[in-house]
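Student: Coordinates in my_file_23.cif, mmCIF, C-alpha atoms, are listed below.
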data_coords
loop_
_atom_site.label_atom_id
_atom_site.label_comp_id
_atom_site.auth_asym_id
_atom_site.auth_seq_id
_atom_site.Cartn_x
_atom_site.Cartn_y
_atom_site.Cartn_z
CA MET A 1 27.57 -17.73 13.70
CA THR A 2 25.37 -15.91 11.23
CA PRO A 3 25.09 -12.22 12.15
CA ALA A 4 21.65 -10.87 12.97
CA PRO A 5 20.03 -9.00 10.07
CA THR A 6 20.22 -5.23 10.27
CA PRO A 7 16.76 -3.63 10.64
CA SER A 8 15.88 -2.01 7.33
CA ILE A 9 12.46 -0.42 7.94
CA ARG A 10 12.53 2.60 10.24
CA VAL A 11 9.19 3.24 11.95
CA LEU A 12 7.83 6.26 13.83
CA VAL A 13 4.88 5.36 16.09
CA VAL A 14 2.25 8.10 16.51
CA ASP A 15 -0.53 7.66 19.07
CA ASP A 16 -1.78 9.81 21.93
CA HIS A 17 -2.04 6.86 24.33
CA PRO A 18 1.28 5.86 25.96
CA VAL A 19 0.17 2.28 26.54
CA VAL A 20 -0.64 1.88 22.83
CA ARG A 21 2.72 3.33 21.81
CA ASP A 22 4.49 1.01 24.24
CA GLY A 23 2.58 -2.00 22.96
CA LEU A 24 3.26 -1.22 19.30
CA THR A 25 6.92 -0.56 19.99
CA ALA A 26 7.25 -3.89 21.81
CA LEU A 27 5.42 -5.73 19.04
CA LEU A 28 7.51 -4.23 16.25
CA ALA A 29 10.70 -4.96 18.18
CA THR A 30 10.01 -8.68 17.70
CA GLN A 31 10.57 -8.29 13.95
CA PRO A 32 14.21 -8.35 12.81
CA ASP A 33 13.62 -5.99 9.89
CA PHE A 34 11.85 -3.23 11.90
CA LEU A 35 13.45 -0.47 13.93
CA VAL A 36 11.24 1.90 15.93
CA VAL A 37 13.19 5.16 15.73
CA GLY A 38 10.81 7.27 17.79
CA GLU A 39 7.33 8.06 19.07
CA ALA A 40 4.95 11.01 18.97
CA ALA A 41 1.75 11.79 20.86
CA THR A 42 0.32 14.71 18.85
CA GLY A 43 0.00 15.78 15.23
CA PRO A 44 2.52 18.65 15.50
CA GLU A 45 4.97 16.37 17.33
CA ALA A 46 4.59 13.80 14.54
CA LEU A 47 5.64 16.46 12.02
CA ARG A 48 8.67 17.47 14.10
CA ARG A 49 9.78 13.91 14.74
CA THR A 50 9.40 12.98 11.08
CA ALA A 51 11.63 15.90 10.09
CA GLU A 52 14.21 14.93 12.72
CA LEU A 53 14.24 11.17 12.21
CA VAL A 54 13.13 10.71 8.56
CA PRO A 55 11.56 7.28 9.10
CA ASP A 56 10.49 4.98 6.28
CA ILE A 57 7.03 4.52 7.81
CA VAL A 58 4.91 6.67 10.09
CA LEU A 59 2.36 4.51 11.89
CA MET A 60 -0.38 7.08 12.41
CA ASP A 61 -3.42 7.21 14.69
CA LEU A 62 -6.27 9.42 13.44
CA GLN A 63 -7.56 10.98 16.66
CA LEU A 64 -4.73 13.18 17.90
CA PRO A 65 -4.59 16.41 19.91
CA GLY A 66 -3.36 19.55 18.20
CA MET A 67 -3.82 18.23 14.67
CA ASP A 68 -5.77 15.17 13.59
CA GLY A 69 -4.10 12.24 11.90
CA ALA A 70 -5.41 13.02 8.41
CA ALA A 71 -4.07 16.59 8.55
CA ALA A 72 -0.75 15.34 9.93
CA THR A 73 -0.58 12.75 7.15
CA ALA A 74 -1.12 15.40 4.48
CA ALA A 75 1.54 17.64 6.03
CA ILE A 76 4.08 14.82 6.29
CA ARG A 77 3.46 13.69 2.72
CA ALA A 78 3.84 17.24 1.45
CA ALA A 79 7.12 17.84 3.28
CA HIS A 80 8.54 14.30 3.02
CA PRO A 81 7.15 12.53 -0.08
CA ASP A 82 9.47 9.55 0.44
CA VAL A 83 7.99 8.83 3.89
CA ALA A 84 4.97 6.51 3.80
CA VAL A 85 2.16 6.98 6.32
CA LEU A 86 0.18 3.96 7.44
CA VAL A 87 -2.98 4.72 9.42
CA LEU A 88 -3.74 2.50 12.42
CA THR A 89 -7.01 3.47 14.08
CA THR A 90 -10.20 2.22 15.71
CA TYR A 91 -12.42 4.22 13.33
CA ASP A 92 -13.70 2.75 10.08
CA THR A 93 -16.33 5.19 8.83
CA ASP A 94 -16.34 6.24 5.18
CA ALA A 95 -15.51 9.83 6.21
CA ASP A 96 -12.39 8.78 8.15
CA ILE A 97 -11.21 6.41 5.44
CA THR A 98 -11.77 8.96 2.68
CA SER A 99 -9.97 11.76 4.54
CA ALA A 100 -6.97 9.54 5.27
CA ILE A 101 -6.64 8.20 1.73
CA ASP A 102 -7.14 11.67 0.26
CA ALA A 103 -4.37 12.92 2.58
CA GLY A 104 -1.97 10.44 1.01
CA ALA A 105 -1.97 7.53 3.45
CA ALA A 106 -0.39 4.39 2.02
CA GLY A 107 -2.84 2.22 3.92
CA TYR A 108 -5.53 2.04 6.56
CA LEU A 109 -5.50 -0.66 9.22
CA LEU A 110 -7.76 -1.10 12.23
CA LYS A 111 -6.47 -1.63 15.74
CA ASP A 112 -8.01 -5.09 15.91
CA THR A 113 -5.60 -6.09 13.13
CA GLY A 114 -3.51 -9.14 13.96
CA ARG A 115 0.26 -9.04 14.44
CA GLU A 116 1.04 -10.71 11.10
CA GLU A 117 -1.33 -8.46 9.15
CA LEU A 118 0.10 -5.33 10.77
CA CYS A 119 3.68 -6.34 10.03
CA ALA A 120 2.77 -7.29 6.46
CA GLY A 121 1.05 -3.94 6.05
CA ILE A 122 4.13 -2.06 7.20
CA ARG A 123 6.34 -4.02 4.82
CA SER A 124 3.94 -3.44 1.95
CA ALA A 125 3.79 0.30 2.62
CA ALA A 126 7.59 0.45 2.85
CA ARG A 127 7.79 -1.13 -0.63
CA GLY A 128 5.41 1.48 -2.01
CA GLY A 129 2.35 -0.76 -1.90
CA ALA A 130 -1.02 -0.32 -0.21
CA ALA A 131 -2.31 -1.90 2.99
CA LEU A 132 -5.99 -2.07 3.86
CA SER A 133 -7.84 -4.07 6.49
CA PRO A 134 -10.39 -6.37 4.81
CA THR A 135 -13.34 -4.43 6.22
CA VAL A 136 -11.79 -1.15 5.10
CA ALA A 137 -11.07 -2.53 1.63
CA ALA A 138 -14.72 -3.57 1.33
CA LYS A 139 -15.85 -0.08 2.29
CA VAL A 140 -13.46 1.53 -0.17
CA LEU A 141 -14.87 -0.63 -2.95
CA ALA A 142 -18.43 0.08 -1.85
CA HIS A 143 -17.70 3.80 -1.79
CA MET A 144 -16.19 3.64 -5.27
CA ARG A 145 -19.33 1.88 -6.50
CA GLY A 146 -21.49 4.41 -4.69
CA ASP A 147 -23.14 1.72 -2.56
CA ARG A 148 -22.67 2.51 1.07
CA GLY A 149 -21.66 6.14 0.88
CA ALA A 150 -24.21 6.84 -1.86
CA GLY A 151 -21.32 8.23 -3.90
CA LEU A 152 -20.80 11.23 -1.63
CA SER A 153 -17.74 13.27 -2.57
CA GLY A 154 -15.09 14.24 -0.06
CA ARG A 155 -16.49 17.77 0.15
CA GLU A 156 -20.04 16.46 0.61
CA LEU A 157 -18.82 14.27 3.46
CA GLU A 158 -17.22 17.32 5.08
CA VAL A 159 -20.45 19.29 4.78
CA LEU A 160 -22.55 16.43 6.12
CA SER A 161 -20.18 15.87 9.04
CA ALA A 162 -20.46 19.56 9.90
CA VAL A 163 -24.24 19.32 9.79
CA ALA A 164 -24.05 16.35 12.14
CA ARG A 165 -22.06 18.51 14.57
CA GLY A 166 -24.91 21.02 14.58
CA GLN A 167 -23.31 23.71 12.45
CA SER A 168 -25.48 26.10 10.47
CA ASN A 169 -24.95 26.75 6.76
CA LYS A 170 -23.22 30.01 7.65
CA GLN A 171 -20.83 28.26 10.05
CA ILE A 172 -20.11 25.51 7.54
CA ALA A 173 -19.39 28.08 4.84
CA ARG A 174 -16.96 29.91 7.11
CA THR A 175 -15.22 26.71 8.25
CA LEU A 176 -14.83 25.24 4.76
CA ARG A 177 -14.27 28.62 3.09
CA LEU A 178 -17.27 28.26 0.82
CA SER A 179 -20.20 30.51 0.02
CA GLU A 180 -23.51 29.73 1.70
CA ALA A 181 -24.98 29.13 -1.74
CA THR A 182 -22.35 26.44 -2.39
CA VAL A 183 -23.12 24.80 0.95
CA LYS A 184 -26.80 24.71 0.04
CA THR A 185 -25.96 23.13 -3.32
CA HIS A 186 -23.88 20.46 -1.61
CA LEU A 187 -26.76 19.74 0.75
CA LEU A 188 -29.18 19.32 -2.16
CA HIS A 189 -26.80 16.83 -3.75
CA ILE A 190 -26.46 15.00 -0.43
CA TYR A 191 -30.24 14.77 -0.03
CA ALA A 192 -30.58 13.34 -3.52
CA LYS A 193 -27.85 10.76 -3.05
CA LEU A 194 -29.17 9.64 0.35
CA ASP A 195 -32.80 9.80 -0.84
CA VAL A 196 -33.87 12.14 1.97
CA THR A 197 -35.43 15.60 2.09
CA ASP A 198 -33.91 17.39 5.10
CA ARG A 199 -30.82 17.79 7.26
CA THR A 200 -31.98 15.59 10.12
CA SER A 201 -32.87 12.71 7.81
CA ALA A 202 -29.56 13.06 5.99
CA VAL A 203 -27.59 12.82 9.23
CA THR A 204 -29.68 9.91 10.47
CA ALA A 205 -29.23 8.00 7.21
CA ALA A 206 -25.50 8.69 7.08
CA LEU A 207 -24.93 7.62 10.68
CA GLY A 208 -26.96 4.47 10.11
CA ARG A 209 -24.84 3.52 7.10
CA GLY A 210 -21.58 4.36 8.84
CA VAL A 211 -20.84 7.08 6.27
CA ILE A 212 -20.05 9.59 9.03
CA ARG A 213 -19.62 9.53 12.78
CA ILE A 214 -20.06 12.03 15.58
CA ASP A 215 -17.07 12.38 17.95
#
Produce structure tokens that represent the structure in this file.

Tutor:
Amino acid sequence: MTPAPTPSIRVLVVDDHPVVRDGLTALLATQPDFLVVGEAATGPEALRRTAELVPDIVLMDLQLPGMDGAAATAAIRAAHPDVAVLVLTTYDTDADITSAIDAGAAGYLLKDTGREELCAGIRSAARGGAALSPTVAAKVLAHMRGDRGAGLSGRELEVLSAVARGQSNKQIARTLRLSEATVKTHLLHIYAKLDVTDRTSAVTAALGRGVIRID
């Protein structure tokens, strides 16, 4: 009898919903080359479990209590550069995608991804490749061309998202550790790129294009 193959890809599942973690763990268990070594429900717990277990792949949700998925991704990549982080989320706005990729995520998949695509994405990330859902890949290309996101930089997306949350220039400056003058400059650039003249129109245009979202 041929012995069963030994699982070679160690996966840590990070999601704040127990039923999602259970479902992902059960799904990955059907693959002979995957081994789910642990789970985490928060950003800080994901950091602790990664340090303890040293998985090959961290399957990361973005919306987490304590620390969001992008921040957790950046922290994991900084402390454990050999661990790949693959984002699995329901959100596909330009702001979410940009923050995750900038944080060092090896890929970005949506939760409506099929079983085969998810497993292929994990294997690709484990080999050092990239994994993007088709709709996410299209948005990344559009953003690079400046189509959908109007070429907004990561910092401009942060400023615009803060505006959408109702923050004043002073609050934005304090949160992002910028001067108010710099915030105003970013806003002027945002207005020009979105072809609008004020904060409200900028937020409306960005929400309509899916450049940002409001939690």

Student: Could you tell me which of A:Thr113, A:Arg177, A:Asp94, A:Ala137 comes closest to A:Leu157 if we count only C-alpha atoms?

Tutor: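 Checking each of A:Thr113, A:Arg177, A:Asp94, A:Ala137 against A:Leu157, counting only C-alpha atoms, the winner is A:Asp94.
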
Student: Report the residues retrieved by the PyMOL selection byres ((chain A and resi 153) around 12) from the displayed file, expressed as a list of chain:residue names.

Tutor: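 Evaluating the PyMOL selection byres ((chain A and resi 153) around 12) on this file yields A:Asp94, A:Ala95, A:Thr98, A:Ser99, A:Asp102, A:His143, A:Met144, A:Gly146, A:Gly149, A:Ala150, A:Gly151, A:Leu152, A:Gly154, A:Arg155, A:Glu156, A:Leu157, A:Glu158, A:Val159, A:Leu160, A:His186, A:Leu187, A:His189, A:Ile190, A:Lys193, A:Val211.
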
Student: Write out as a short mmCIF file (atom, residue, chain, number, x, y, z; two decimals) with C-alpha atoms, in the frame of the given file each polymer residue whose atoms come within 12 Å of A:Asp61, counting all atoms listed in the file; drop sequence neighbours fewer than 3 positions from it.

Tutor:
data_model
loop_
_atom_site.label_atom_id
_atom_site.label_comp_id
_atom_site.auth_asym_id
_atom_site.auth_seq_id
_atom_site.Cartn_x
_atom_site.Cartn_y
_atom_site.Cartn_z
CA LEU A 12 7.83 6.26 13.83
CA VAL A 13 4.88 5.36 16.09
CA VAL A 14 2.25 8.10 16.51
CA ASP A 15 -0.53 7.66 19.07
CA ASP A 16 -1.78 9.81 21.93
CA HIS A 17 -2.04 6.86 24.33
CA VAL A 20 -0.64 1.88 22.83
CA ARG A 21 2.72 3.33 21.81
CA LEU A 24 3.26 -1.22 19.30
CA GLU A 39 7.33 8.06 19.07
CA ALA A 40 4.95 11.01 18.97
CA ALA A 41 1.75 11.79 20.86
CA THR A 42 0.32 14.71 18.85
CA GLY A 43 0.00 15.78 15.23
CA ALA A 46 4.59 13.80 14.54
CA VAL A 58 4.91 6.67 10.09
CA LEU A 64 -4.73 13.18 17.90
CA PRO A 65 -4.59 16.41 19.91
CA MET A 67 -3.82 18.23 14.67
CA ASP A 68 -5.77 15.17 13.59
CA GLY A 69 -4.10 12.24 11.90
CA ALA A 70 -5.41 13.02 8.41
CA ALA A 71 -4.07 16.59 8.55
CA ALA A 72 -0.75 15.34 9.93
CA THR A 73 -0.58 12.75 7.15
CA VAL A 85 2.16 6.98 6.32
CA LEU A 86 0.18 3.96 7.44
CA VAL A 87 -2.98 4.72 9.42
CA LEU A 88 -3.74 2.50 12.42
CA THR A 89 -7.01 3.47 14.08
CA THR A 90 -10.20 2.22 15.71
CA TYR A 91 -12.42 4.22 13.33
CA ASP A 96 -12.39 8.78 8.15
CA ALA A 100 -6.97 9.54 5.27
CA ALA A 105 -1.97 7.53 3.45
CA GLY A 107 -2.84 2.22 3.92
CA TYR A 108 -5.53 2.04 6.56
CA LEU A 109 -5.50 -0.66 9.22
CA LEU A 110 -7.76 -1.10 12.23
CA LYS A 111 -6.47 -1.63 15.74
#

Student: For A:Leu27, work out the shell of residues within 10 Å, counting only C-alpha atoms and skipping chain neighbours fewer than 6 positions away, then give it as a ChimeraX atom specification.

Tutor: /A:21,34,115,118-119

Student: Report, in Å to a single decimal, how far apart atom CA of A:Ile9 and atom CA of A:Arg123 are.

Tutor: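 About the pair atom CA of A:Arg123 and atom CA of A:Ile9: they are 7.8 Å apart.
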
Student: What's the separation between atom CA of A:Val196 and atom CA of A:Val163, in Å to one decimal place?

Tutor: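 Distance between the two atoms: 14.3 Å.
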
Student: What is the atom CA of A:Leu53-atom CA of A:Val37 distance in Å, reported with one decimal?

Tutor: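 Between atom CA of A:Leu53 and atom CA of A:Val37 the gap is 7.0 Å.
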
Student: Could you tell me which residues the PyMOL selection byres ((chain A and resi 213) around 8) grabs in this file, written as number ranges by chain?

Tutor: A: 93, 95, 161, 207, 210-212, 214-215

Student: How would the residues just picked look written out with C-alpha atoms as a CSV table (one decimal), in the frame of the given file?

Tutor:
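result_36.csv written:
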chain,number,residue,atom,x,y,z
A,93,THR,CA,-16.3,5.2,8.8
A,95,ALA,CA,-15.5,9.8,6.2
A,161,SER,CA,-20.2,15.9,9.0
A,207,LEU,CA,-24.9,7.6,10.7
A,210,GLY,CA,-21.6,4.4,8.8
A,211,VAL,CA,-20.8,7.1,6.3
A,212,ILE,CA,-20.0,9.6,9.0
A,214,ILE,CA,-20.1,12.0,15.6
A,215,ASP,CA,-17.1,12.4,18.0

Student: The PyMOL selection byres ((chain A and resi 81) around 12) - which residues does that actually catch in the file I just gave you? List them as a PyMOL selection string.

Tutor: chain A and resi 50-51+54-58+73-80+82-85+103-106+128

Student: Just the selected residues (C-alpha atoms), exported as a PDB file, keeping the file's coordinate frame, please.

Tutor:
ATOM      1  CA  THR A  50       9.400  12.980  11.080  1.00  0.00           C
ATOM      2  CA  ALA A  51      11.630  15.900  10.090  1.00  0.00           C
ATOM      3  CA  VAL A  54      13.130  10.710   8.560  1.00  0.00           C
ATOM      4  CA  PRO A  55      11.560   7.280   9.100  1.00  0.00           C
ATOM      5  CA  ASP A  56      10.490   4.980   6.280  1.00  0.00           C
ATOM      6  CA  ILE A  57       7.030   4.520   7.810  1.00  0.00           C
ATOM      7  CA  VAL A  58       4.910   6.670  10.090  1.00  0.00           C
ATOM      8  CA  THR A  73      -0.580  12.750   7.150  1.00  0.00           C
ATOM      9  CA  ALA A  74      -1.120  15.400   4.480  1.00  0.00           C
ATOM     10  CA  ALA A  75       1.540  17.640   6.030  1.00  0.00           C
ATOM     11  CA  ILE A  76       4.080  14.820   6.290  1.00  0.00           C
ATOM     12  CA  ARG A  77       3.460  13.690   2.720  1.00  0.00           C
ATOM     13  CA  ALA A  78       3.840  17.240   1.450  1.00  0.00           C
ATOM     14  CA  ALA A  79       7.120  17.840   3.280  1.00  0.00           C
ATOM     15  CA  HIS A  80       8.540  14.300   3.020  1.00  0.00           C
ATOM     16  CA  ASP A  82       9.470   9.550   0.440  1.00  0.00           C
ATOM     17  CA  VAL A  83       7.990   8.830   3.890  1.00  0.00           C
ATOM     18  CA  ALA A  84       4.970   6.510   3.800  1.00  0.00           C
ATOM     19  CA  VAL A  85       2.160   6.980   6.320  1.00  0.00           C
ATOM     20  CA  ALA A 103      -4.370  12.920   2.580  1.00  0.00           C
ATOM     21  CA  GLY A 104      -1.970  10.440   1.010  1.00  0.00           C
ATOM     22  CA  ALA A 105      -1.970   7.530   3.450  1.00  0.00           C
ATOM     23  CA  ALA A 106      -0.390   4.390   2.020  1.00  0.00           C
ATOM     24  CA  GLY A 128       5.410   1.480  -2.010  1.00  0.00           C
TER      25      GLY A 128
END

Student: Taking into account all atoms listed in the file, which residue in the set A:Ala26, A:Met60, A:Ala205, A:Ala173 is nearest to A:Glu45?

Tutor: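 The shortest atom-to-atom distance to A:Glu45 comes from A:Met60.
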
Student: Draw an axis-aligned box over all listed atoms of stretch 166-180 of chain A, pad each side with 6 Å, and write its centre and edge lengths in Å, one decimal, as AutoDock Vina command-line options.

Tutor:
--center_x -19.9 --center_y 25.8 --center_z 7.3 --size_x 23.2 --size_y 21.5 --size_z 26.6

Student: Pick out the residues sitting within 9 Å of A:Asp198, and hand them over as a count of residues only; count all atoms listed in the file, and ignore anything fewer than 3 positions along from it in its own chain.

Tutor: 6

Student: Compare A:Ala162, A:Ala130, A:Thr204, A:Asp195 by their minimum atom-to-atom distance to A:Leu176, counting only C-alpha atoms, and give me the closest one.

Tutor: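 The shortest atom-to-atom distance to A:Leu176 comes from A:Ala162.
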